[in-house]
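*Asks:* Sharing a structure below in structure tokens format, with a few things to ask.
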Amino acid sequence: MAALHRVVVLALDGVYPFELGIPSRIFGALRDRYEVLTCSVDGRPVATNADFSVTVEHGPELLATADTLLLPPFDVSRLSRELPPGVAEALATVRPGTRIVSVCTAAFVLAAAGLLDGRPATTHWAVADVLRDWYPGIRLDPDVLFVDDGDVLTSAGAASGVDVCLHLVRRDHGTAVANQVARACVVPPWRDGGQAQYIEHPVPPPSAHDTSATRQWALENLHESLTLRQLAGHARMSLRTFVRRFTEEVGTSPGRWVIQQRVCRAQHLLETTDLPVDDIAGRVGFATGTSLREHLHAAIGVSPLAYRRTFRGAAAPAPA
């Protein structure tokens with residue numbers, strides 16, 4: 001039996017209890033593949049930002065055993081350019097090659113430790129300007145839910161911790177397994193768009209139409225061309241109005257969203273069928289197999305055949 005992938009969660013003073021529990025909830029749904037252990041920098045109870053503290057079973061010695069290290073966020077009142085006491089020493093014990101993940105304000109810890117220098121990263125939109133000012137060397141993108149830079153991942157606020165953990169399950173074991181975990185946790189396996197949809201905007205008038213019906217229609221017709229004019233026509237809006245409202249609601253442009261959905265559908269078919277790449281391309285709306293290869297490589301960095309070899313066994317094959 002393969003060794004379990006160890007996820008170590010480092011709880012810092014002021015930690016948000018909700019995000020602290022996300023790794024155990026997501027990775028813990030796959031107890032035959034992951035083990036989740038929580039530690040503090042000194043092995044002592046950790047104050048949360050609520051009216052209680054949490055007792056952890058482990059101290060910093062656990063960090064040296066991590067395959068993935070995850071840092072949940074802490075109260076913004078504790079933001080500082082300096083690392084919290086004991087954190088630098090604790091992080092120094094992490095093995096090279098360990099996957100490191102931050103949620104929300106924990107990006108400030110990675111930044112202070114020099115782990116984000118020159119890298120793309122994100123954090124909660126409300127503190128993104130502070131992170132940019134303090135660490136101008138970071139290639140900050142405040143509009144996305146998470147950034148995967150290989151061995152270092154950063155995510156936005158609160159529930160984006162669910163998004164990045166599901167992404168890691170998907171990266172490790174494929175879409176089908178990640179979808180199973182999402183269903184067990186009663187959360188969407190993939191949220192459209194990014195943080196832009198959650199930033200405060202003027203509320204549209206109650207009579208305004210939204211684009212949800214058109215998005216559902218598009219998902220049912222991914223094999224069609226789905227031009228911007230067709231999408232706007234289905235929504236009964238002008239092109240300009242449709243693009244504006246779609247972007248406000250989803251956090252990304254209609255064209256980019258359609259490509260994301262096509263890539264996601266192609267991943268599912270690569271995992272669960274024996275269909276040739278060209279056939280899959282046609283079923284999800286890409287003009288050619290070459291187009292599918294280009295978009296899949298841009299999204300996840302691998303070819304369709306490499307993806308199929310990696311995840312073909314993650315789920316039972318479905319009839320073509």
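To be explicit about the labels: the chains of the structure tokens are called A, B, and onward in the order shown, and within each one the residues are counted from 1, while ligands get numbers from 1 in the order they are shown.
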Tell me which protein, DNA and RNA residues are within 9 Å of Val15 of chain A, counting only C-alpha atoms, leaving out same-chain ones fewer than 5 positions away, and put them as a PyMOL selection string.
*Replies:* chain A and resi 20+46-50+72-75
*Asks:* Excluding Gln216 of chain A and any residue of its chain fewer than 5 positions from it, enumerate the residues within 12 Å of it, using only C-alpha atoms, and give them as an NGL selection string.
*Replies:* :A and (210-211 or 221-222 or 231 or 234-235 or 258 or 261)
*Asks:* Could you check the closest approach to Phe286 of chain A for each of A:Ser303, A:Thr122, A:Ser225, A:Thr310 and tell me which residue wins, using only C-alpha atoms?
*Replies:* A:Ser225
*Asks:* Could you produce a table of the residues of segment 103-213 of chain A lying within 8 Å of segment 269-283 of chain A, with the nearest pair of atoms per residue and their separation in Å rounded to one decimal, using only C-alpha atoms, ordered by chain and increasing residue number, as a Markdown table?
*Replies:*
```
| residue | atom | partner | partner_atom | distance |
| --- | --- | --- | --- | --- |
| A:Gly174 | CA | A:Glu271 | CA | 7.6 |
| A:Thr175 | CA | A:Glu271 | CA | 7.7 |
| A:Ala176 | CA | A:Glu271 | CA | 7.6 |
```
*Asks:* Between A:Leu30, A:Val9, A:Ala218, A:Ala184, single out the one closest to Thr68 of chain A, counting only C-alpha atoms.
*Replies:*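 Of A:Leu30, A:Val9, A:Ala218, A:Ala184, the one nearest Thr68 of chain A, counting only C-alpha atoms, is A:Val9.
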*Asks:* Give me the residues within 12 Å of His295 of chain A as number ranges by chain, counting only C-alpha atoms and dropping any in the same chain fewer than 2 places off.
*Replies:* A: 256, 258-264, 266-267, 281, 284-293, 297-304
*Asks:* Next, write the just-selected residues to a file, as a CSV table (one decimal), in the first residue's frame, keeping C-alpha atoms as the atom set.
*Replies:*
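Okay, this is what ended up in result06.csv:
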```
chain,number,residue,atom,x,y,z
A,256,ARG,CA,-12.4,32.9,-21.1
A,258,VAL,CA,-16.3,29.2,-22.2
A,259,ILE,CA,-12.7,28.0,-22.7
A,260,GLN,CA,-12.5,27.0,-19.0
A,261,GLN,CA,-15.7,25.0,-19.2
A,262,ARG,CA,-14.5,23.2,-22.4
A,263,VAL,CA,-11.1,22.3,-20.8
A,264,CYS,CA,-12.9,21.0,-17.7
A,266,ALA,CA,-12.3,17.6,-21.9
A,267,GLN,CA,-10.5,16.6,-18.7
A,281,ALA,CA,-12.2,18.2,-29.0
A,284,VAL,CA,-16.4,20.1,-26.1
A,285,GLY,CA,-16.3,22.7,-28.9
A,286,PHE,CA,-12.7,23.0,-29.9
A,287,ALA,CA,-12.3,23.1,-33.6
A,288,THR,CA,-9.4,20.6,-33.7
A,289,GLY,CA,-7.4,18.3,-31.5
A,290,THR,CA,-4.5,20.7,-31.8
A,291,SER,CA,-6.7,23.5,-30.3
A,292,LEU,CA,-7.6,21.2,-27.4
A,293,ARG,CA,-3.9,20.4,-26.9
A,297,HIS,CA,-1.4,22.8,-22.0
A,298,ALA,CA,-2.1,26.4,-21.2
A,299,ALA,CA,-4.4,25.5,-18.4
A,300,ILE,CA,-2.5,22.7,-16.7
A,301,GLY,CA,0.8,22.4,-18.5
A,302,VAL,CA,0.4,18.9,-20.0
A,303,SER,CA,-0.8,17.3,-23.2
A,304,PRO,CA,-4.1,15.4,-23.4
```
